[in-house]
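Okay, start.cif is below, mmCIF, C-alpha atoms and all ligand atoms:
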data_protein
#
loop_
_atom_site.label_atom_id
_atom_site.label_comp_id
_atom_site.auth_asym_id
_atom_site.auth_seq_id
_atom_site.Cartn_x
_atom_site.Cartn_y
_atom_site.Cartn_z
CA MET A 1 20.91 44.53 -27.06
CA LYS A 2 22.18 40.94 -27.05
CA ALA A 3 21.35 38.13 -24.65
CA VAL A 4 22.23 34.50 -24.02
CA ILE A 5 19.70 32.11 -22.52
CA LEU A 6 20.99 28.91 -20.93
CA VAL A 7 18.63 26.12 -21.89
CA GLY A 8 20.93 23.12 -22.13
CA GLY A 9 20.17 21.33 -18.86
CA GLU A 10 18.38 17.99 -18.66
CA GLY A 11 15.73 19.22 -16.22
CA THR A 12 16.06 16.09 -14.08
CA ARG A 13 13.75 17.41 -11.36
CA LEU A 14 10.94 17.74 -13.89
CA ARG A 15 11.19 14.13 -15.04
CA PRO A 16 9.29 12.28 -16.44
CA LEU A 17 7.97 15.32 -18.36
CA THR A 18 11.46 16.22 -19.55
CA TYR A 19 12.19 12.77 -20.96
CA THR A 20 10.37 13.92 -24.09
CA THR A 21 10.03 17.71 -23.66
CA PRO A 22 13.01 19.92 -22.78
CA LYS A 23 12.32 22.24 -19.83
CA ALA A 24 12.31 25.25 -22.17
CA MET A 25 9.34 23.76 -24.04
CA VAL A 26 7.06 22.74 -21.16
CA PRO A 27 3.77 24.59 -21.66
CA VAL A 28 2.93 27.58 -19.50
CA LEU A 29 -0.61 28.75 -20.30
CA ASN A 30 -0.32 26.49 -23.36
CA ARG A 31 2.72 28.27 -24.85
CA PRO A 32 6.25 26.93 -24.51
CA TYR A 33 7.75 28.41 -21.36
CA LEU A 34 10.66 29.82 -23.42
CA ALA A 35 8.26 31.90 -25.53
CA HIS A 36 7.33 33.84 -22.37
CA LEU A 37 10.99 34.41 -21.50
CA LEU A 38 11.82 35.60 -25.02
CA ALA A 39 8.83 37.98 -24.99
CA TYR A 40 10.09 39.37 -21.66
CA LEU A 41 13.52 40.04 -23.22
CA ALA A 42 11.97 41.58 -26.32
CA SER A 43 9.89 43.92 -24.12
CA TYR A 44 13.19 45.43 -22.91
CA GLY A 45 14.53 45.96 -26.42
CA VAL A 46 16.65 42.81 -26.64
CA ASP A 47 16.81 41.98 -30.32
CA GLU A 48 19.47 39.27 -30.66
CA VAL A 49 19.44 36.12 -28.54
CA ALA A 50 21.65 33.05 -28.52
CA LEU A 51 20.02 29.95 -27.09
CA ALA A 52 22.65 27.74 -25.46
CA LEU A 53 21.29 24.26 -26.03
CA GLY A 54 22.44 20.76 -25.26
CA TYR A 55 19.62 18.42 -24.30
CA LEU A 56 16.88 17.79 -26.93
CA PRO A 57 17.82 20.85 -29.01
CA ASP A 58 15.71 19.95 -32.06
CA ARG A 59 12.37 20.65 -30.39
CA VAL A 60 13.45 24.19 -29.55
CA GLN A 61 14.90 24.95 -32.96
CA ALA A 62 11.91 23.53 -34.83
CA TYR A 63 9.49 25.69 -32.83
CA PHE A 64 11.30 29.04 -32.73
CA GLY A 65 13.20 28.99 -36.05
CA ALA A 66 15.00 32.27 -36.66
CA GLY A 67 12.78 34.06 -34.11
CA GLU A 68 10.66 36.10 -36.56
CA ALA A 69 7.39 35.44 -34.71
CA LEU A 70 8.78 37.15 -31.61
CA GLY A 71 10.54 39.94 -33.48
CA LEU A 72 14.00 38.71 -32.47
CA ARG A 73 17.03 37.33 -34.23
CA LEU A 74 17.69 33.92 -32.70
CA ILE A 75 20.82 31.87 -33.06
CA TYR A 76 21.48 28.42 -31.64
CA SER A 77 24.62 27.40 -29.82
CA VAL A 78 24.43 23.64 -29.44
CA GLU A 79 26.95 21.96 -27.14
CA GLU A 80 28.21 18.49 -27.91
CA ARG A 81 28.57 17.91 -24.16
CA ALA A 82 27.45 19.96 -21.18
CA LEU A 83 29.79 22.92 -20.63
CA GLY A 84 28.17 24.21 -17.42
CA THR A 85 26.56 27.63 -17.11
CA ALA A 86 29.70 29.74 -17.67
CA GLY A 87 31.16 27.43 -20.34
CA ALA A 88 27.87 27.49 -22.25
CA ALA A 89 27.63 31.30 -21.95
CA ARG A 90 31.19 31.70 -23.26
CA LEU A 91 30.51 29.61 -26.37
CA ALA A 92 27.12 31.21 -27.06
CA ALA A 93 28.46 34.77 -26.56
CA CYS A 94 31.24 34.03 -29.01
CA ARG A 95 28.76 32.74 -31.60
CA LEU A 96 26.60 35.81 -31.00
CA GLY A 97 29.53 38.15 -31.66
CA ALA A 98 29.30 39.81 -28.20
CA ARG A 99 31.90 42.60 -27.87
CA SER A 100 33.78 44.14 -24.95
CA ASN A 101 32.13 47.20 -23.36
CA ASP A 102 28.75 46.22 -24.82
CA PRO A 103 26.86 44.73 -21.85
CA LEU A 104 25.55 41.24 -22.47
CA LEU A 105 22.55 39.75 -20.67
CA VAL A 106 22.80 36.11 -19.61
CA LEU A 107 19.76 34.34 -18.16
CA ASN A 108 19.05 30.92 -16.79
CA GLY A 109 16.43 29.40 -19.05
CA ASP A 110 14.08 28.31 -16.28
CA ILE A 111 13.11 31.52 -14.50
CA PHE A 112 10.05 33.72 -14.77
CA THR A 113 10.27 37.20 -13.31
CA ASP A 114 9.20 40.81 -13.67
CA LEU A 115 12.64 42.09 -12.68
CA PRO A 116 13.27 45.35 -14.63
CA LEU A 117 16.17 44.54 -16.94
CA ASP A 118 16.72 48.18 -17.92
CA ARG A 119 17.42 49.06 -14.29
CA VAL A 120 19.98 46.24 -13.90
CA VAL A 121 21.78 47.42 -17.01
CA ASN A 122 21.77 51.01 -15.73
CA VAL A 123 23.21 49.94 -12.37
CA HIS A 124 25.84 47.87 -14.19
CA ARG A 125 26.93 50.80 -16.35
CA ALA A 126 26.88 53.34 -13.52
CA ALA A 127 29.05 51.09 -11.32
CA GLY A 128 31.43 50.24 -14.17
CA ALA A 129 31.01 46.62 -13.05
CA SER A 130 32.41 43.53 -14.72
CA VAL A 131 29.32 41.57 -13.73
CA THR A 132 26.01 42.61 -12.17
CA ILE A 133 23.92 39.82 -10.69
CA GLY A 134 20.15 39.95 -10.19
CA LEU A 135 19.36 39.09 -6.56
CA VAL A 136 16.02 38.00 -5.12
CA PRO A 137 14.90 37.24 -1.55
CA VAL A 138 13.71 33.73 -0.67
CA ALA A 139 12.09 32.45 2.53
CA ASP A 140 14.73 29.78 3.18
CA PRO A 141 18.11 30.59 1.63
CA SER A 142 19.89 27.57 3.16
CA GLN A 143 19.83 25.62 -0.12
CA TYR A 144 21.33 28.44 -2.19
CA GLY A 145 24.37 30.62 -2.63
CA VAL A 146 23.60 33.67 -0.48
CA VAL A 147 24.86 37.18 -1.17
CA LYS A 148 25.34 40.14 1.17
CA PRO A 149 26.05 43.20 -0.95
CA ASP A 150 27.61 46.35 0.49
CA PRO A 151 25.19 49.30 0.82
CA ASP A 152 26.31 50.57 -2.63
CA GLY A 153 25.58 47.14 -4.20
CA ARG A 154 29.10 45.72 -4.42
CA ILE A 155 29.42 42.00 -3.74
CA ARG A 156 32.53 40.82 -1.90
CA ALA A 157 31.63 37.20 -1.09
CA PHE A 158 29.20 34.37 -1.77
CA ILE A 159 28.12 32.15 1.08
CA GLU A 160 27.26 28.68 -0.27
CA LYS A 161 24.33 26.91 1.41
CA PRO A 162 24.54 28.49 4.88
CA ALA A 163 23.21 26.38 7.77
CA PRO A 164 19.53 27.22 8.50
CA GLY A 165 19.24 30.45 10.49
CA THR A 166 22.84 31.56 9.86
CA ALA A 167 22.49 33.33 6.49
CA PRO A 168 23.47 37.02 6.71
CA THR A 169 20.69 37.90 4.20
CA ASN A 170 17.97 36.02 2.32
CA LEU A 171 19.20 37.30 -1.06
CA ILE A 172 20.12 34.67 -3.63
CA ASN A 173 21.37 34.68 -7.19
CA ALA A 174 18.32 35.02 -9.50
CA GLY A 175 20.07 33.54 -12.56
CA ILE A 176 20.11 36.92 -14.36
CA TYR A 177 23.45 38.52 -15.15
CA VAL A 178 24.72 41.55 -17.01
CA LEU A 179 28.31 40.94 -18.08
CA ASP A 180 31.04 42.74 -19.82
CA PRO A 181 31.72 40.01 -22.41
CA SER A 182 35.49 40.29 -21.77
CA VAL A 183 35.03 38.47 -18.43
CA LEU A 184 34.12 35.34 -20.41
CA ASP A 185 37.77 35.22 -21.56
CA LEU A 186 38.49 33.91 -18.05
CA VAL A 187 36.29 30.86 -18.68
CA PRO A 188 38.37 27.87 -19.77
CA PRO A 189 37.23 26.74 -23.22
CA ASP A 190 35.81 23.31 -23.94
CA ARG A 191 35.32 22.17 -20.40
CA PHE A 192 32.60 22.20 -17.78
CA TYR A 193 32.72 25.47 -15.84
CA GLN A 194 30.06 27.15 -13.72
CA PHE A 195 29.32 30.77 -12.86
CA GLU A 196 28.64 30.15 -9.18
CA GLN A 197 31.56 27.88 -8.32
CA GLY A 198 33.97 29.05 -11.02
CA LEU A 199 33.80 32.46 -12.69
CA PHE A 200 32.28 34.55 -9.89
CA PRO A 201 34.70 33.45 -7.15
CA ALA A 202 37.57 33.92 -9.65
CA LEU A 203 36.41 37.49 -10.37
CA LEU A 204 36.10 38.30 -6.66
CA GLY A 205 39.57 36.83 -6.08
CA ALA A 206 40.97 39.09 -8.81
CA GLY A 207 39.36 42.18 -7.23
CA ALA A 208 36.93 42.72 -10.13
CA LYS A 209 33.81 44.81 -9.60
CA VAL A 210 30.95 42.38 -9.04
CA TRP A 211 27.66 44.16 -8.35
CA GLY A 212 24.23 43.06 -7.15
CA PHE A 213 20.79 44.37 -8.11
CA SER A 214 18.14 43.35 -5.55
CA TRP A 215 14.55 42.84 -6.63
CA SER A 216 11.62 41.87 -4.46
CA GLY A 217 8.97 41.59 -7.19
CA TYR A 218 7.98 38.31 -8.81
CA TRP A 219 10.58 35.58 -9.37
CA ILE A 220 10.26 31.82 -9.64
CA ASP A 221 12.28 29.05 -11.24
CA ILE A 222 10.18 26.35 -12.83
CA GLY A 223 12.64 23.58 -12.05
CA THR A 224 10.33 21.45 -9.88
CA PRO A 225 6.77 20.20 -10.48
CA GLU A 226 5.44 22.33 -7.61
CA LYS A 227 7.00 25.54 -8.88
CA TYR A 228 6.02 24.79 -12.49
CA ARG A 229 2.37 24.43 -11.38
CA ARG A 230 2.72 27.52 -9.18
CA LEU A 231 3.77 29.71 -12.13
CA ASN A 232 0.73 28.61 -14.15
CA PHE A 233 -1.58 29.40 -11.24
CA ASP A 234 0.08 32.75 -10.48
CA LEU A 235 -0.58 33.74 -14.09
CA LEU A 236 -4.23 32.63 -13.75
CA SER A 237 -4.79 34.58 -10.54
CA GLY A 238 -3.12 37.73 -11.92
CA THR A 239 -0.31 37.63 -9.33
CA VAL A 240 2.00 38.15 -12.30
CA ALA A 241 1.46 38.77 -16.01
CA SER A 242 3.31 37.49 -19.06
CA PRO A 243 4.18 39.92 -21.86
CA LEU A 244 3.03 37.15 -24.21
CA VAL A 245 -0.64 37.04 -23.18
CA PRO A 246 -3.21 39.64 -22.10
CA ARG A 247 -3.31 40.02 -18.32
CA ILE A 248 -5.60 37.50 -16.60
CA GLU A 249 -7.42 38.07 -13.28
CA ASN A 250 -8.89 35.37 -11.04
CA ARG A 251 -9.51 32.62 -13.58
CA GLN A 252 -10.25 29.11 -12.26
CA CYS A 253 -9.93 27.30 -15.56
CA TYR A 254 -7.85 28.23 -18.59
CA ALA A 255 -8.70 25.89 -21.46
CA GLY A 256 -6.96 25.68 -24.85
CA GLU A 257 -8.62 25.35 -28.23
CA ASP A 258 -11.22 22.71 -29.10
CA CYS A 259 -11.65 21.28 -25.59
CA VAL A 260 -14.81 19.34 -24.74
CA LEU A 261 -15.69 19.76 -21.07
CA ASP A 262 -18.66 17.69 -20.14
CA GLY A 263 -19.75 19.29 -16.86
CA ALA A 264 -16.53 18.71 -14.93
CA ALA A 265 -16.00 20.38 -11.55
CA TRP A 266 -12.93 22.59 -11.12
CA VAL A 267 -11.58 22.74 -7.60
CA GLY A 268 -8.83 25.30 -7.57
CA PRO A 269 -7.00 26.48 -10.67
CA VAL A 270 -6.61 24.29 -13.74
CA VAL A 271 -4.84 24.81 -17.05
CA LEU A 272 -6.04 22.54 -19.84
CA GLY A 273 -4.16 22.20 -23.13
CA ASN A 274 -5.64 22.13 -26.61
CA ARG A 275 -8.08 19.41 -27.71
CA CYS A 276 -8.65 17.95 -24.22
CA ARG A 277 -11.79 16.07 -23.21
CA VAL A 278 -13.06 15.90 -19.65
CA GLY A 279 -16.01 13.62 -18.85
CA GLY A 280 -19.07 14.37 -16.76
CA GLY A 281 -18.69 14.29 -12.99
CA ALA A 282 -14.88 14.46 -13.19
CA THR A 283 -13.12 16.62 -10.59
CA VAL A 284 -9.96 18.46 -11.59
CA GLY A 285 -8.03 20.92 -9.44
CA GLU A 286 -4.64 22.57 -8.96
CA SER A 287 -3.41 20.72 -12.03
CA VAL A 288 -1.77 21.44 -15.37
CA ILE A 289 -3.02 19.23 -18.19
CA TRP A 290 -1.13 19.24 -21.50
CA ASP A 291 -2.60 18.90 -25.01
CA GLU A 292 -4.90 16.09 -26.15
CA VAL A 293 -5.52 14.56 -22.74
CA ARG A 294 -8.71 12.61 -22.09
CA ILE A 295 -10.06 12.44 -18.55
CA GLY A 296 -12.91 9.99 -18.13
CA PRO A 297 -16.20 10.58 -16.31
CA GLU A 298 -16.04 10.61 -12.51
CA ALA A 299 -12.22 10.70 -12.57
CA ARG A 300 -10.38 12.84 -10.00
CA VAL A 301 -7.14 14.69 -10.81
CA ILE A 302 -5.69 16.82 -8.03
CA ARG A 303 -2.33 18.68 -7.73
CA SER A 304 -0.99 16.84 -10.78
CA ILE A 305 0.72 17.41 -14.12
CA ILE A 306 -0.53 15.26 -16.98
CA GLY A 307 1.61 15.01 -20.12
CA ARG A 308 0.45 15.26 -23.70
CA GLY A 309 -1.89 12.59 -25.07
CA CYS A 310 -2.57 10.81 -21.75
CA ARG A 311 -5.80 8.91 -21.18
CA LEU A 312 -7.30 8.53 -17.72
CA GLY A 313 -10.18 6.08 -17.46
CA PRO A 314 -13.56 6.59 -15.79
CA GLY A 315 -13.20 6.90 -12.04
CA ALA A 316 -9.37 6.98 -12.11
CA VAL A 317 -7.83 8.96 -9.24
CA LEU A 318 -4.51 10.83 -9.43
CA GLU A 319 -3.24 13.04 -6.65
CA ASP A 320 0.17 14.75 -6.53
CA ALA A 321 1.15 12.84 -9.66
CA VAL A 322 3.43 13.73 -12.56
CA ILE A 323 2.66 11.70 -15.66
CA GLY A 324 4.73 11.70 -18.85
CA ASP A 325 3.33 11.82 -22.38
CA ASN A 326 0.91 9.19 -23.71
CA VAL A 327 0.35 7.34 -20.44
CA GLU A 328 -2.84 5.29 -20.07
CA VAL A 329 -4.39 4.86 -16.65
CA GLY A 330 -7.27 2.41 -16.64
CA ALA A 331 -10.75 2.84 -15.25
CA GLY A 332 -10.94 2.94 -11.46
CA VAL A 333 -7.15 2.95 -10.89
CA CYS A 334 -6.07 5.03 -7.85
CA LEU A 335 -2.54 6.40 -7.94
CA GLY A 336 -1.20 7.71 -4.67
CA PRO A 337 0.68 10.93 -3.92
CA GLY A 338 4.13 11.14 -5.47
CA THR A 339 3.35 8.86 -8.42
CA ARG A 340 5.60 9.34 -11.44
CA LEU A 341 4.86 7.46 -14.69
CA GLY A 342 7.24 7.56 -17.66
CA PRO A 343 6.11 8.27 -21.23
CA GLY A 344 3.91 5.57 -22.72
CA GLU A 345 3.34 3.56 -19.52
CA VAL A 346 0.06 1.69 -19.26
CA ILE A 347 -1.65 0.93 -15.95
CA ALA A 348 -4.53 -1.41 -16.60
CA GLY A 349 -7.80 -0.96 -14.76
CA ARG A 350 -11.40 -2.06 -15.07
CA PRO A 351 -12.28 -3.14 -18.63
CA GLU A 352 -14.06 0.08 -19.64
CA SER A 353 -13.20 2.25 -22.58
CA ILE A 354 -11.38 5.53 -21.91
P1 LIG B 401 17.94 19.92 -12.98
O1 LIG B 401 18.59 18.75 -13.61
O2 LIG B 401 16.54 19.65 -12.56
O3 LIG B 401 18.77 20.59 -11.91
O4 LIG B 401 17.76 21.04 -14.13
P2 LIG B 401 18.82 21.79 -15.06
O5 LIG B 401 20.18 21.23 -15.00
O6 LIG B 401 18.15 21.85 -16.40
O7 LIG B 401 18.76 23.24 -14.47
P3 LIG B 401 19.71 24.01 -13.43
O8 LIG B 401 18.80 24.71 -12.49
O9 LIG B 401 20.72 23.11 -12.86
O10 LIG B 401 20.43 25.04 -14.39
C1 LIG B 401 20.01 26.39 -14.51
C2 LIG B 401 19.85 26.75 -15.99
O11 LIG B 401 21.09 26.57 -16.67
C3 LIG B 401 18.82 25.91 -16.71
O12 LIG B 401 18.07 26.76 -17.55
C4 LIG B 401 19.65 24.92 -17.51
O13 LIG B 401 19.02 24.58 -18.74
C5 LIG B 401 20.92 25.70 -17.77
N1 LIG B 401 22.11 24.84 -17.82
C6 LIG B 401 22.65 24.14 -16.81
N2 LIG B 401 23.76 23.50 -17.20
C7 LIG B 401 23.92 23.82 -18.52
C8 LIG B 401 24.91 23.47 -19.51
O14 LIG B 401 25.85 22.71 -19.29
N3 LIG B 401 24.74 23.99 -20.77
C9 LIG B 401 23.70 24.82 -21.07
N4 LIG B 401 23.62 25.29 -22.32
N5 LIG B 401 22.77 25.18 -20.16
C10 LIG B 401 22.88 24.68 -18.91
#
Let's see the structure in the file written out as structure tokens.
Ligand code: GTP
Amino acid sequence: MKAVILVGGEGTRLRPLTYTTPKAMVPVLNRPYLAHLLAYLASYGVDEVALALGYLPDRVQAYFGAGEALGLRLIYSVEERALGTAGAARLAACRLGARSNDPLLVLNGDIFTDLPLDRVVNVHRAAGASVTIGLVPVADPSQYGVVKPDPDGRIRAFIEKPAPGTAPTNLINAGIYVLDPSVLDLVPPDRFYQFEQGLFPALLGAGAKVWGFSWSGYWIDIGTPEKYRRLNFDLLSGTVASPLVPRIENRQCYAGEDCVLDGAAWVGPVVLGNRCRVGGGATVGESVIWDEVRIGPEARVIRSIIGRGCRLGPGAVLEDAVIGDNVEVGAGVCLGPGTRLGPGEVIAGRPESI
């Protein structure tokens, strides 16, 4: 089966991490996030995938190559300018050689889920639908496009961002679609065009069969720092498993290779990348630390994401911070909640070595 993954966005909500690392390559349990998504597709028998790329495509191509390591055939559809979700899917499906009557999977490239893809495809075929959309419940649907399917699953309308308390359901579009590739002929070529505001309303207007498949298992999009951390911690607690790594249960600290941990205290879950060093008396909790980070003695890192190669001096304090690659924070510096530092920034502190 063929699939398209949309990974061309700039990931603005994950800045400053995404200034140097595209969202598809941010580490989740020390593997690029996209490797987990590709393993999920492969576990359902998907064997050919087109990655629709735009922003920082080289990092993705250099890492995944032709896809051999994951047992897939990968092709790359690189856009010269952003085409939007439907425009990007149209181009990538064309490059993949997707054919009418052969259902095509299209996924947003920033979701992690255990939604059963085989069941969505079965529903799609049984209904004879043009498009079947994965639907998931959320606590507050007021920021999303909300869907109220008929009892048989047919969708007749989308309600965009309903006022709080007025949504007819809490089901939203999960960013997983099964399409008959012929519907992509309705997408105008070479211009920005979206599924949600463009193709889906056009299909409903034309009376096409648009179906929904509701799933109340695990689903998260890693588009914000909070949700990116949450996915890492859900994998550590065993709330969800990745097909890429053996199931984990109740781990507090997940450390990569060649880390030196000099008696640090973990408060809440922590993922540490490869070749990290954490000094004695440091406190680290609810944080994701990328490769080659050094955290000095007595430092405190809480609810933060620390990019590759950063150095935090002795006694430095970071809470609710997101720090790009290769940042240096000097000894004794305290950075308040909400701090964002771009790649390579240096915040001088006490004159002690890091
Ligand atoms: P933000 O800037 O933080 O909103 O992130 P984003 O634009 O990367 O993600 P968004 O949630 O808006 O988009 C959902 C998915 O579609 C993400 O996986 C994006 O990479 C992808 N995407 C969005 N627009 C495009 C596009 O024009 N081309 C391609 N190839 N992918 C896109």
Let me have all residues with an atom within 8 Å of ligand LIG 401 (chain B), counting all atoms listed in the file, laid out as a ChimeraX atom specification. /A:5-14,23-24,51-54,77-79,81-85,87-89,107-111,175,192,221,223-224
Compare A:Gly279, A:Val288, A:Ser130, A:Asp47 by their minimum atom-to-atom distance to A:Arg154, counting all atoms listed in the file, and give me the closest one. A:Ser130
So which one's closest to A:Leu341, A:Ala167, A:Leu261, A:Leu318, A:Leu41? Using only C-alpha atoms, please. A:Leu318
Please define a box with edges along x, y and z of the file around all atoms of stretch 166-169 of chain A given in the file, extend it by 6 Å on each side, and return its centre and edge lengths in Å to one decimal, as JSON.
{"center_x": 22.1, "center_y": 34.7, "center_z": 7.0, "size_x": 14.8, "size_y": 18.3, "size_z": 17.7}
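If you count all atoms listed in the file and draw a sphere of 12 Å around (-7.2, 1.1, -24.9), the protein and nucleic acid residues inside it come out as Arg294, Cys310, Arg311, Leu312, Gly313, Asn326, Val327, Glu328, Val329, Gly330, Ala331, Val346, Ile347, Ala348, Gly349, Arg350, Pro351, Glu352, Ser353 and Ile354 of chain A.
As for atom CA of A:Arg308 and atom CA of A:Pro32, they are spaced 13.1 Å apart.
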Using only C-alpha atoms, can you tell me which of A:Ser214, A:Arg277, A:Ala86, A:Tyr254 comes closest to A:Asp185? A:Ala86
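The shortest atom-to-atom distance to A:Val270, with all atoms listed in the file taken into account, belongs to A:Asn232 out of A:Thr20, A:Thr239, A:Thr339, A:Asn232.
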Would you kindly return, as an mmCIF file with C-alpha atoms, in the coordinates of the input, each protein, DNA or RNA residue with an atom no farther than 6 Å from any atom of A:Gly145, considering all atoms listed in the file and excluding same-chain residues fewer than 4 positions away?
data_model
loop_
_atom_site.group_PDB
_atom_site.id
_atom_site.type_symbol
_atom_site.label_atom_id
_atom_site.label_comp_id
_atom_site.auth_asym_id
_atom_site.auth_seq_id
_atom_site.Cartn_x
_atom_site.Cartn_y
_atom_site.Cartn_z
ATOM 1 C CA ILE A 159 28.120 32.150 1.080
ATOM 2 C CA GLU A 160 27.260 28.680 -0.270
ATOM 3 C CA LYS A 161 24.330 26.910 1.410
ATOM 4 C CA ILE A 172 20.120 34.670 -3.630
#
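For the set A:Tyr55, A:Phe112, A:Tyr40, A:Tyr76, the residue with the smallest atom-to-atom gap to A:Ile220 is A:Phe112, counting only C-alpha atoms.
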A:Tyr177: which residues within 6 Å, counting only C-alpha atoms, same-chain residues fewer than 3 positions away excluded, as a PyMOL selection string? chain A and resi 105-106+132-133
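Put simply, atom CA of A:Gly268 is 6.2 Å away from atom CA of A:Gln252.
If all atoms listed in the file are the atoms counted, then among A:Pro297, A:Gly97, A:Pro269, A:Gly153 the closest residue to A:Val123 is A:Gly153.
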Protein and nucleic acid residues near (21.1, 33.1, -5.4) (cut-off 8 Å, all atoms listed in the file) as a PyMOL selection string: chain A and resi 135-136+144-147+171-175
